[in-house]
>>> print(open('entry-v3.txt').read())   # compact mmCIF, C-alpha atoms
# COMPACT_ATOMS: atom_id res chain seq x y z
CA MET A 4 -200.25 -189.27 100.68
CA LEU A 5 -200.12 -187.87 97.17
CA LYS A 6 -201.39 -184.57 98.48
CA ILE A 7 -198.58 -184.36 101.03
CA GLN A 8 -196.05 -185.28 98.33
CA HIS A 9 -197.44 -182.56 96.08
CA PHE A 10 -197.34 -180.05 98.94
CA ILE A 11 -193.73 -180.82 99.78
CA CYS A 12 -192.70 -180.86 96.14
CA GLN A 13 -194.17 -177.39 95.66
CA SER A 14 -193.02 -175.74 98.85
CA TRP A 15 -189.78 -177.41 99.96
CA LEU A 16 -187.70 -174.44 98.90
CA LEU A 17 -189.93 -172.06 100.86
CA ILE A 18 -189.71 -174.24 103.98
CA VAL A 19 -185.92 -174.64 103.77
CA ALA A 20 -185.43 -170.93 103.04
CA SER A 21 -187.67 -169.95 105.96
CA PHE A 22 -185.57 -172.06 108.33
CA CYS A 23 -182.28 -170.72 106.98
CA PHE A 24 -183.40 -167.09 107.01
CA GLY A 25 -184.93 -167.50 110.48
CA LEU A 26 -181.63 -168.89 111.71
CA LEU A 27 -179.71 -166.02 110.11
CA ILE A 28 -181.91 -163.43 111.82
CA ALA A 29 -181.71 -165.27 115.14
CA VAL A 30 -177.89 -165.36 115.03
CA THR A 31 -177.65 -161.67 114.09
CA ASN A 32 -180.13 -160.73 116.78
CA ALA A 33 -178.31 -162.77 119.42
CA ALA A 34 -175.02 -161.14 118.45
CA LEU A 35 -176.32 -157.57 118.36
CA SER A 36 -179.08 -157.37 120.98
CA PRO A 37 -176.76 -156.79 123.98
CA LYS A 38 -175.22 -153.83 122.13
CA ILE A 39 -178.64 -152.45 121.15
CA ARG A 40 -179.89 -152.72 124.74
CA GLN A 41 -176.72 -151.04 125.99
CA ASN A 42 -177.19 -148.19 123.48
CA GLU A 43 -180.71 -147.58 124.80
CA ILE A 44 -179.53 -147.56 128.43
CA ASN A 45 -176.60 -145.26 127.59
CA LYS A 46 -178.85 -142.76 125.83
CA ARG A 47 -181.32 -142.72 128.70
CA ASN A 48 -178.59 -142.35 131.31
CA ARG A 49 -176.90 -139.60 129.31
CA LEU A 50 -180.12 -137.60 129.15
CA VAL A 51 -180.94 -138.14 132.84
CA SER A 52 -177.39 -137.25 133.91
CA VAL A 53 -177.93 -133.81 132.41
CA LEU A 54 -181.20 -133.41 134.28
CA LEU A 55 -179.82 -134.78 137.56
CA PRO A 56 -176.17 -133.65 137.56
CA GLU A 57 -175.37 -135.44 140.81
CA ALA A 58 -176.42 -138.83 139.47
CA ARG A 59 -173.65 -141.34 138.83
CA ASP A 60 -175.55 -144.62 138.83
CA PHE A 61 -179.08 -145.70 138.03
CA ILE A 62 -180.83 -148.55 139.83
CA LEU A 63 -184.10 -150.01 138.63
CA LEU A 64 -186.70 -150.14 141.42
CA ASP A 65 -187.93 -153.68 142.11
CA SER A 66 -191.52 -152.67 142.74
CA GLN A 67 -193.98 -152.97 139.88
CA ILE A 68 -195.50 -149.61 139.04
CA GLU A 69 -198.43 -149.64 136.69
CA ILE A 70 -200.12 -146.52 135.37
CA LYS A 71 -203.09 -145.82 133.16
CA SER A 72 -201.81 -144.22 129.97
CA LEU A 73 -203.50 -141.28 128.23
CA GLN A 74 -205.10 -143.73 125.82
CA GLY A 75 -206.64 -145.58 128.80
CA LYS A 76 -204.35 -148.61 128.66
CA LYS A 77 -202.55 -150.02 131.68
CA GLU A 78 -198.78 -149.79 131.30
CA LYS A 79 -195.86 -150.88 133.43
CA VAL A 80 -193.34 -148.14 134.13
CA GLU A 81 -189.70 -148.73 134.95
CA VAL A 82 -188.69 -146.22 137.60
CA TYR A 83 -184.96 -145.73 138.15
CA ARG A 84 -183.41 -144.39 141.32
CA ALA A 85 -180.46 -142.12 140.53
CA MET A 86 -177.62 -142.56 143.01
CA SER A 87 -175.00 -139.91 143.68
CA GLU A 88 -171.29 -140.61 144.09
CA ALA A 89 -171.76 -140.72 147.88
CA GLY A 90 -174.37 -143.47 147.45
CA GLU A 91 -177.32 -141.23 148.24
CA CYS A 92 -180.53 -140.94 146.30
CA ALA A 93 -180.24 -138.02 143.87
CA GLY A 94 -183.70 -138.39 142.34
CA PHE A 95 -185.83 -140.62 140.19
CA SER A 96 -186.32 -141.00 136.48
CA PHE A 97 -188.82 -142.80 134.29
CA ASN A 98 -189.99 -142.92 130.69
CA ALA A 99 -193.35 -141.51 129.69
CA ALA A 100 -195.13 -141.55 126.35
CA GLY A 101 -198.34 -140.28 124.83
CA PRO A 102 -199.90 -139.04 121.61
CA GLY A 103 -198.40 -135.87 120.14
CA PHE A 104 -199.42 -133.83 117.10
CA ALA A 105 -198.01 -136.16 114.45
CA ASP A 106 -196.84 -139.25 116.29
CA VAL A 107 -196.19 -140.65 119.75
CA ILE A 108 -193.95 -138.45 121.91
CA LYS A 109 -191.56 -140.41 124.13
CA LEU A 110 -190.04 -138.56 127.05
CA VAL A 111 -187.68 -139.28 129.89
CA VAL A 112 -188.66 -137.43 133.04
CA ALA A 113 -186.51 -136.78 136.11
CA VAL A 114 -187.77 -135.72 139.54
CA ASP A 115 -185.99 -134.86 142.78
CA LYS A 116 -185.42 -137.38 145.57
CA ASN A 117 -188.61 -136.42 147.45
CA PHE A 118 -190.73 -136.50 144.30
CA GLU A 119 -191.74 -132.94 145.01
CA LYS A 120 -190.15 -131.08 142.13
CA ILE A 121 -189.56 -131.99 138.51
CA ALA A 122 -185.86 -131.90 137.65
CA GLY A 123 -186.66 -131.71 133.95
CA PHE A 124 -187.51 -133.79 130.92
CA ASP A 125 -185.95 -134.67 127.62
CA VAL A 126 -187.37 -136.02 124.39
CA LEU A 127 -186.41 -139.61 123.54
CA ALA A 128 -188.44 -139.75 120.35
CA SER A 129 -190.89 -137.45 118.62
CA ASN A 130 -192.03 -136.59 115.15
CA GLU A 131 -193.48 -133.13 115.69
CA THR A 132 -193.61 -130.52 112.92
CA PRO A 133 -190.15 -129.03 112.28
CA GLY A 134 -190.02 -125.37 113.27
CA PHE A 135 -193.21 -125.58 115.35
CA GLY A 136 -193.98 -128.68 117.44
CA ASP A 137 -190.35 -129.74 117.64
CA GLN A 138 -189.69 -126.69 119.81
CA ILE A 139 -190.68 -128.94 122.74
CA LYS A 140 -187.02 -129.98 122.55
CA TYR A 141 -185.80 -126.42 122.98
CA ASP A 142 -184.46 -125.14 126.27
CA TYR A 143 -186.83 -122.21 126.64
CA TYR A 144 -189.80 -124.60 126.77
CA ARG A 145 -188.07 -127.36 128.75
CA ASN A 146 -186.67 -124.96 131.34
CA GLN A 147 -190.21 -124.17 132.49
CA PHE A 148 -190.40 -127.70 133.90
CA LYS A 149 -187.14 -127.49 135.86
CA GLY A 150 -188.23 -126.98 139.45
CA ALA A 151 -191.95 -127.13 138.69
CA PRO A 152 -194.00 -129.02 141.32
CA ALA A 153 -194.39 -132.76 140.65
CA GLU A 154 -198.16 -132.64 140.36
CA GLN A 155 -200.87 -131.91 137.82
CA LEU A 156 -199.49 -129.21 135.50
CA LYS A 157 -201.53 -126.70 133.58
CA LEU A 158 -200.92 -125.27 130.11
CA VAL A 159 -201.58 -121.57 129.68
CA SER A 160 -201.36 -119.56 126.48
CA ILE A 161 -200.20 -116.31 128.08
CA GLY A 162 -197.84 -116.06 131.02
CA GLU A 163 -194.25 -115.72 132.06
CA PRO A 164 -192.13 -118.68 131.04
CA GLU A 165 -189.42 -117.63 133.53
CA LYS A 166 -191.78 -118.03 136.49
CA ILE A 167 -191.42 -121.58 137.75
CA ASP A 168 -194.77 -122.94 138.90
CA SER A 169 -197.36 -125.50 137.80
CA GLU A 170 -198.35 -123.28 134.89
CA ILE A 171 -196.53 -124.01 131.65
CA VAL A 172 -196.66 -121.42 128.89
CA ALA A 173 -197.49 -122.95 125.51
CA ILE A 174 -195.23 -122.55 122.47
CA SER A 175 -197.00 -120.21 120.08
CA GLY A 176 -198.01 -122.08 116.94
CA ALA A 177 -197.59 -125.44 118.64
CA THR A 178 -200.30 -125.63 121.29
CA VAL A 179 -201.07 -129.29 120.57
CA SER A 180 -197.45 -130.40 121.05
CA SER A 181 -197.04 -128.23 124.18
CA GLU A 182 -200.23 -129.61 125.65
CA ALA A 183 -199.24 -133.19 124.79
CA VAL A 184 -196.00 -132.85 126.77
CA VAL A 185 -197.80 -131.30 129.76
CA GLU A 186 -200.42 -134.06 129.73
CA ILE A 187 -197.89 -136.87 129.34
CA ILE A 188 -195.81 -135.59 132.25
CA SER A 189 -198.79 -134.78 134.51
CA ASN A 190 -200.48 -138.11 133.83
CA SER A 191 -197.45 -140.25 134.63
CA ILE A 192 -196.00 -138.13 137.43
CA THR A 193 -199.22 -138.01 139.50
CA GLN A 194 -199.86 -141.74 139.22
CA ILE A 195 -196.25 -142.80 139.84
CA LYS A 196 -196.00 -140.47 142.84
CA GLU A 197 -199.19 -141.87 144.33
CA GLN A 198 -198.06 -145.48 143.90
CA MET A 199 -194.58 -144.82 145.25
CA GLN A 200 -196.04 -143.11 148.30
CA LYS A 201 -198.36 -146.08 148.85
CA LYS A 202 -195.45 -148.50 148.60
CA GLY A 203 -193.33 -146.41 150.95
CA LEU A 204 -190.58 -145.88 148.36
CA LEU A 205 -190.20 -142.18 148.98
CA GLY A 206 -188.03 -140.60 151.65
CA ASN A 207 -186.04 -143.79 152.12
CA ASP A 208 -182.55 -143.33 150.71
CA LYS A 209 -181.24 -146.80 151.43
CA GLN A 210 -183.90 -148.77 149.58
CA MET B 16 -164.21 -165.72 71.46
CA THR B 17 -163.14 -162.06 71.56
CA ASN B 18 -166.54 -161.02 70.26
CA ASN B 19 -168.19 -163.05 72.99
CA SER B 20 -166.15 -161.44 75.77
CA GLN B 21 -166.68 -157.98 74.26
CA ALA B 22 -170.44 -158.57 74.17
CA LYS B 23 -170.30 -159.67 77.79
CA ASP B 24 -168.34 -156.58 78.81
CA SER B 25 -170.77 -154.30 77.05
CA LEU B 26 -173.72 -156.12 78.70
CA TYR B 27 -172.13 -155.61 82.13
CA GLY B 28 -171.41 -151.96 81.36
CA GLN B 29 -174.91 -151.34 80.11
CA THR B 30 -176.47 -153.05 83.13
CA LEU B 31 -174.38 -150.93 85.47
CA LEU B 32 -175.18 -147.67 83.70
CA ALA B 33 -178.89 -148.46 83.36
CA GLY B 34 -179.46 -147.90 87.06
CA LEU B 35 -177.53 -144.66 87.08
CA TRP B 36 -179.39 -142.86 84.31
CA ARG B 37 -181.38 -144.72 81.61
CA GLU B 38 -183.44 -146.72 84.12
CA ASN B 39 -182.76 -144.63 87.22
CA PRO B 40 -185.15 -146.04 89.86
CA VAL B 41 -186.39 -142.66 91.08
CA PHE B 42 -186.27 -140.40 88.02
CA ARG B 43 -187.10 -142.88 85.26
CA LEU B 44 -188.94 -145.82 86.87
CA LEU B 45 -190.54 -143.78 89.70
CA LEU B 46 -189.94 -146.60 92.17
CA GLY B 47 -189.19 -146.33 95.89
CA MET B 48 -191.06 -143.05 96.29
CA CYS B 49 -191.73 -143.60 100.01
CA PRO B 50 -188.10 -143.26 101.20
CA THR B 51 -187.43 -140.70 98.47
CA LEU B 52 -189.98 -138.37 100.00
CA ALA B 53 -189.54 -139.33 103.64
CA VAL B 54 -185.83 -139.42 104.41
CA THR B 55 -184.44 -136.71 102.15
CA ALA B 56 -184.71 -133.82 104.62
CA ALA B 57 -180.93 -134.10 105.14
CA VAL B 58 -178.07 -135.80 103.30
CA LYS B 59 -176.89 -138.04 106.17
CA PRO B 60 -180.14 -140.01 106.60
CA ALA B 61 -180.59 -140.13 102.81
CA PHE B 62 -177.09 -141.57 102.37
CA THR B 63 -177.65 -144.13 105.15
CA MET B 64 -180.95 -145.16 103.58
CA GLY B 65 -179.20 -145.52 100.22
CA CYS B 66 -176.50 -147.75 101.76
CA CYS B 67 -179.18 -149.93 103.38
CA VAL B 68 -180.97 -150.28 100.05
CA ILE B 69 -177.70 -151.21 98.29
CA PHE B 70 -177.02 -153.90 100.94
CA VAL B 71 -180.54 -155.36 100.76
CA LEU B 72 -180.68 -155.16 96.96
CA LEU B 73 -177.30 -156.85 96.59
CA CYS B 74 -178.11 -159.68 99.03
CA SER B 75 -181.60 -160.29 97.66
CA ASN B 76 -180.40 -160.26 94.04
CA ILE B 77 -177.63 -162.76 94.89
CA ILE B 78 -180.02 -165.15 96.69
CA VAL B 79 -182.78 -164.86 94.08
CA SER B 80 -180.33 -165.34 91.22
CA LEU B 81 -178.84 -168.43 92.89
CA MET B 82 -182.20 -170.09 93.36
CA ARG B 83 -183.84 -168.86 90.16
CA ASN B 84 -184.00 -172.36 88.65
CA LEU B 85 -185.68 -173.80 91.75
CA LEU B 86 -188.41 -171.14 92.03
CA LYS B 87 -192.01 -172.21 91.49
CA PRO B 88 -193.70 -169.45 89.47
CA HIS B 89 -196.71 -169.07 91.80
CA LEU B 90 -194.55 -168.96 94.92
CA ARG B 91 -191.87 -166.63 93.61
CA ILE B 92 -193.22 -163.36 95.08
CA LEU B 93 -193.44 -165.06 98.47
CA MET B 94 -189.80 -166.12 98.18
CA PHE B 95 -188.72 -162.63 97.13
CA THR B 96 -190.51 -161.02 100.08
CA LEU B 97 -189.07 -163.58 102.49
CA THR B 98 -185.54 -162.93 101.22
CA ILE B 99 -185.94 -159.15 101.28
CA ALA B 100 -187.51 -159.12 104.76
CA THR B 101 -184.60 -161.17 106.16
CA PHE B 102 -181.93 -158.76 104.92
CA VAL B 103 -183.92 -155.67 105.88
CA THR B 104 -184.24 -157.02 109.44
CA ILE B 105 -180.48 -157.62 109.53
CA ALA B 106 -179.77 -154.10 108.19
CA ASP B 107 -182.13 -152.63 110.78
CA LEU B 108 -180.40 -154.51 113.62
CA PHE B 109 -176.98 -153.32 112.41
CA LEU B 110 -178.13 -149.70 112.31
CA LYS B 111 -179.61 -149.98 115.83
CA ALA B 112 -176.39 -151.46 117.15
CA PHE B 113 -173.77 -149.31 115.43
CA VAL B 114 -175.45 -146.02 114.45
CA PRO B 115 -178.33 -145.71 116.96
CA THR B 116 -178.91 -141.99 116.34
CA MET B 117 -179.28 -142.55 112.61
CA SER B 118 -181.56 -145.51 113.26
CA GLU B 119 -183.81 -143.21 115.31
CA THR B 120 -183.79 -140.54 112.61
CA LEU B 121 -184.80 -143.04 109.94
CA GLY B 122 -187.43 -144.57 112.24
CA PRO B 123 -189.89 -146.86 110.46
CA TYR B 124 -188.42 -146.20 107.02
CA VAL B 125 -185.74 -148.87 107.39
CA PRO B 126 -188.24 -151.70 108.03
CA LEU B 127 -190.30 -150.20 105.20
CA ILE B 128 -187.51 -151.12 102.73
CA ILE B 129 -189.28 -154.52 102.69
CA VAL B 130 -192.05 -152.98 100.59
CA ASN B 131 -189.67 -150.84 98.53
CA CYS B 132 -190.62 -151.56 94.92
CA ILE B 133 -187.07 -151.22 93.58
CA ILE B 134 -185.92 -154.35 95.34
CA ILE B 135 -188.84 -156.58 94.42
CA CYS B 136 -188.77 -155.13 90.90
CA ARG B 137 -185.09 -156.03 90.44
CA ALA B 138 -185.67 -159.51 91.87
CA GLU B 139 -188.52 -160.07 89.42
CA ALA B 140 -187.13 -158.31 86.36
CA CYS B 141 -183.44 -159.14 86.63
CA ALA B 142 -182.25 -161.56 89.31
CA SER B 143 -184.86 -164.27 88.67
CA LYS B 144 -183.94 -164.35 84.96
CA ASN B 145 -180.18 -163.69 84.92
CA ALA B 146 -176.96 -165.25 86.08
CA LEU B 147 -175.22 -164.24 89.30
CA VAL B 148 -172.74 -161.71 87.85
CA VAL B 149 -175.36 -159.74 85.92
CA SER B 150 -177.62 -159.72 88.99
CA ILE B 151 -174.83 -158.36 91.18
CA ILE B 152 -173.95 -155.63 88.66
CA ASP B 153 -177.61 -154.73 88.31
CA ALA B 154 -177.97 -154.47 92.10
CA VAL B 155 -174.92 -152.21 92.36
CA GLY B 156 -176.05 -150.00 89.48
CA MET B 157 -179.61 -149.64 90.73
CA GLY B 158 -178.52 -149.21 94.36
CA VAL B 159 -175.93 -146.55 93.56
CA GLY B 160 -178.37 -144.80 91.21
CA PHE B 161 -180.99 -144.72 93.98
CA THR B 162 -178.48 -143.48 96.57
CA LEU B 163 -177.17 -140.72 94.31
CA THR B 164 -180.68 -139.54 93.50
CA LEU B 165 -181.62 -139.49 97.17
CA CYS B 166 -178.46 -137.55 98.00
CA ILE B 167 -179.08 -134.94 95.27
CA LEU B 168 -182.64 -134.42 96.50
CA ALA B 169 -181.51 -134.30 100.12
CA ALA B 170 -178.66 -131.87 99.38
CA ILE B 171 -181.06 -129.38 97.77
CA ARG B 172 -183.56 -129.70 100.62
CA GLU B 173 -180.96 -129.53 103.40
CA LEU B 174 -179.28 -126.50 101.83
CA LEU B 175 -182.53 -124.56 101.55
CA ALA B 176 -183.86 -125.70 104.94
CA THR B 177 -180.72 -125.15 107.03
CA GLY B 178 -178.07 -123.55 104.80
CA ALA B 179 -175.89 -126.64 105.25
CA ILE B 180 -175.02 -129.80 103.33
CA PHE B 181 -173.92 -132.92 105.25
CA GLU B 182 -174.27 -130.71 108.34
CA ILE B 183 -171.47 -128.45 107.07
CA GLN B 184 -172.64 -124.82 107.01
CA ILE B 185 -172.39 -123.43 103.49
CA ILE B 186 -174.57 -120.33 103.57
CA ALA B 187 -174.36 -118.02 106.60
CA LEU B 188 -177.74 -117.79 108.34
CA ALA B 189 -179.40 -114.43 108.99
CA LYS B 190 -179.59 -115.11 112.74
CA GLU B 191 -175.82 -115.64 112.79
CA GLY B 192 -175.07 -112.46 110.88
CA GLY B 193 -175.41 -113.77 107.34
CA TRP B 194 -178.14 -113.14 104.80
CA PHE B 195 -179.93 -116.46 104.38
CA VAL B 196 -183.30 -117.04 106.03
CA PRO B 197 -183.88 -120.82 106.10
CA TRP B 198 -187.01 -122.21 104.43
CA ALA B 199 -188.49 -124.46 107.12
CA ALA B 200 -190.97 -125.83 104.56
CA MET B 201 -188.12 -127.57 102.70
CA SER B 202 -187.55 -129.96 105.61
CA MET B 203 -191.25 -130.82 105.68
CA PRO B 204 -193.06 -133.20 103.29
CA VAL B 205 -194.14 -130.28 101.10
CA GLY B 206 -190.46 -129.54 100.39
CA ALA B 207 -189.93 -133.15 99.32
CA PHE B 208 -192.84 -133.08 96.88
CA ILE B 209 -191.83 -129.75 95.33
CA THR B 210 -188.14 -130.66 94.98
CA LEU B 211 -188.92 -134.09 93.53
CA GLY B 212 -191.44 -132.58 91.12
CA LEU B 213 -189.00 -129.96 89.88
CA LEU B 214 -186.18 -132.51 89.50
CA LEU B 215 -188.47 -134.91 87.61
CA GLY B 216 -189.46 -132.05 85.33
CA LEU B 217 -185.83 -131.18 84.74
CA VAL B 218 -184.88 -134.80 83.95
CA ASN B 219 -187.85 -135.10 81.57
CA ALA B 220 -186.83 -131.87 79.84
CA VAL B 221 -183.26 -133.14 79.37
CA ILE B 222 -184.43 -136.53 78.08
CA GLY B 223 -187.02 -134.84 75.84
CA LYS B 224 -184.33 -132.72 74.24
CA LYS B 225 -182.17 -135.78 73.56
CA THR B 226 -184.94 -137.72 71.82
>>> encode(input="entry-v3.txt", output="structure tokens")
Amino acid sequence: MLKIQHFICQSWLLIVASFCFGLLIAVTNAALSPKIRQNEINKRNRLVSVLLPEARDFILLDSQIEIKSLQGKKEKVEVYRAMSEAGECAGFSFNAAGPGFADVIKLVVAVDKNFEKIAGFDVLASNETPGFGDQIKYDYYRNQFKGAPAEQLKLVSIGEPEKIDSEIVAISGATVSSEAVVEIISNSITQIKEQMQKKGLLGNDKQ
Amino acid sequence: MTNNSQAKDSLYGQTLLAGLWRENPVFRLLLGMCPTLAVTAAVKPAFTMGCCVIFVLLCSNIIVSLMRNLLKPHLRILMFTLTIATFVTIADLFLKAFVPTMSETLGPYVPLIIVNCIIICRAEACASKNALVVSIIDAVGMGVGFTLTLCILAAIRELLATGAIFEIQIIALAKEGGWFVPWAAMSMPVGAFITLGLLLGLVNAVIGKKT
């Protein structure tokens, strides 16, 4: 009994403060989390709208799609169906992430409605070296993906960046970052395509 | 009575000015080096970081000062950390909700304010020993001093790395017909170390001359 009394006497302030501070954080979080979630959705939609100009609305597919990440972990992927103004499928988009040169690279990838061609990608978050690795955000690198086949891509050091095929020309001085993007996209796109084909989600506009 | 109020005024003035120069957290106390090096590539993120630190420092100093008589000596650091962590989480949520792009730029450095030595140092050295008003003034002085230092460092780095300050172009770049070739290294960690080192040397030289 004395021990409990001693314990409470010593730590009552800590216990009370923990409850009060916890409550304060909970209230702030409850008030701000809808806005934070909305910000994330807006940013994603804004980036995908540039990649899929016809898209007006984005619907999350019900089916669970799980892929094996580059680090070998199983991850759930949220695939969105982009709908045009006429209510037709304009393509698909999903987030993909993997290790870059300095930190994790997070991308949003868009593909056409048949999952045959990549419509493009954009960088959601990256911490690549300024002036070198961060050129993955630049148009001349990203444009190589626009129209490239939605399959395993290959990074080459010499080639024509204007030629749209499964070969992506690396950024000179930033091979690791260029390769990371190619691997992230290839890894997720091949697995998502396979699972969507299995589930019969492709070629069905109304779903 | 007049003497007493004059002494008080001079104490408040001294506390406020201490953070700005005499005990400047970055140049004189060498505290909070992590954000100083990490977020000073441009003025905007540096200013936002400074504002976050002012908010957290002010709130934590107020709370610690209010409960200074109830603190148990062996549990005090735990209480300080708890208080600081609460306000840092709140600041982080606010940034994510209202300035999401800046929140992304600052990345993990906002949550890392929890382990920023300036805040815990002020809680220990000032707020836990002084009354509310002095603690508030100390927080403002130290916070503003930290923010100004960060902004000076960031302005130098941003100018040399991009030819702009606060994203306003000041020097015309060579690729746009001007003469200035940006130093990419200044926006990298090496730029932060060199600039901070030179500024510390400069401050030491000025102080050395005075004494």
>>> closest_residue(input="entry-v3.txt", among="A:Ile192, A:Cys12, A:Glu197, A:Leu27", to="B:Val103", atoms="all atoms listed in the file")
A:Leu27
>>> closest_residue(input="entry-v3.txt", among="A:Ala34, A:Ala20, A:Tyr83, A:Phe10", to="B:Val79", atoms="only C-alpha atoms")
A:Ala20
>>> closest_residue(input="entry-v3.txt", among="B:Thr104, B:Ser75, B:Thr51, B:Asn19", to="chain A", atoms="all atoms listed in the file")
B:Thr104
>>> closest_residue(input="entry-v3.txt", among="B:Cys66, B:Val221, B:Ile129, B:Met117", to="B:Phe161", atoms="all atoms listed in the file")
B:Cys66
>>> interface_residues(input="entry-v3.txt", of="chain B", to="chain A", cutoff="12 Å", atoms="only C-alpha atoms", output="ChimeraX atom specification")
/B:56,75,78-79,82-116,118-123,176-177,197-206
>>> residues_around(input="entry-v3.txt", residues="A:Gln138", least_positions_apart="2", cutoff="12 Å", atoms="only C-alpha atoms", output="list in words")
Asp125, Val126, Ser129, Asn130, Glu131, Thr132, Pro133, Gly134, Phe135, Gly136, Lys140, Tyr141, Asp142, Tyr143, Tyr144, Arg145, Ala173, Ile174, Ser175, Gly176, Ala177, Thr178, Val179, Ser180, Ser181 and Val184 of chain A
>>> atom_distance(input="entry-v3.txt", atom1="atom CA of B:Leu31", atom2="atom CA of B:Leu73")
12.9 Å
>>> atom_distance(input="entry-v3.txt", atom1="atom CA of B:Ala220", atom2="atom CA of B:Arg137")
26.4 Å
>>> closest_residue(input="entry-v3.txt", among="A:Ser189, A:Gln147, A:Asn45, A:Gln8", to="A:Gly162", atoms="all atoms listed in the file")
A:Gln147
>>> closest_residue(input="entry-v3.txt", among="B:Gln29, B:Asn76, B:Leu215, B:Ala57", to="B:Glu139", atoms="all atoms listed in the file")
B:Asn76
>>> atom_distance(input="entry-v3.txt", atom1="atom CA of A:Gln155", atom2="atom CA of A:Gly75")
17.4 Å
>>> residues_around(input="entry-v3.txt", residues="B:Ala169", least_positions_apart="3", cutoff="7 Å", atoms="only C-alpha atoms", output="JSON list (two decimals) with C-alpha atoms, keeping the file's coordinate frame")
[["chain", "number", "residue", "atom", "x", "y", "z"],
["B", 55, "THR", "CA", -184.44, -136.71, 102.15],
["B", 56, "ALA", "CA", -184.71, -133.82, 104.62],
["B", 57, "ALA", "CA", -180.93, -134.10, 105.14],
["B", 58, "VAL", "CA", -178.07, -135.80, 103.30],
["B", 61, "ALA", "CA", -180.59, -140.13, 102.81],
["B", 165, "LEU", "CA", -181.62, -139.49, 97.17],
["B", 166, "CYS", "CA", -178.46, -137.55, 98.00],
["B", 172, "ARG", "CA", -183.56, -129.70, 100.62],
["B", 173, "GLU", "CA", -180.96, -129.53, 103.40]]
>>> axis_aligned_box(input="entry-v3.txt", around="stretch 163-175 of chain A", padding_each_side="8 Å", output="AutoDock Vina command-line options")
--center_x -193.9 --center_y -120.6 --center_z 129.5 --size_x 24.9 --size_y 25.8 --size_z 34.8
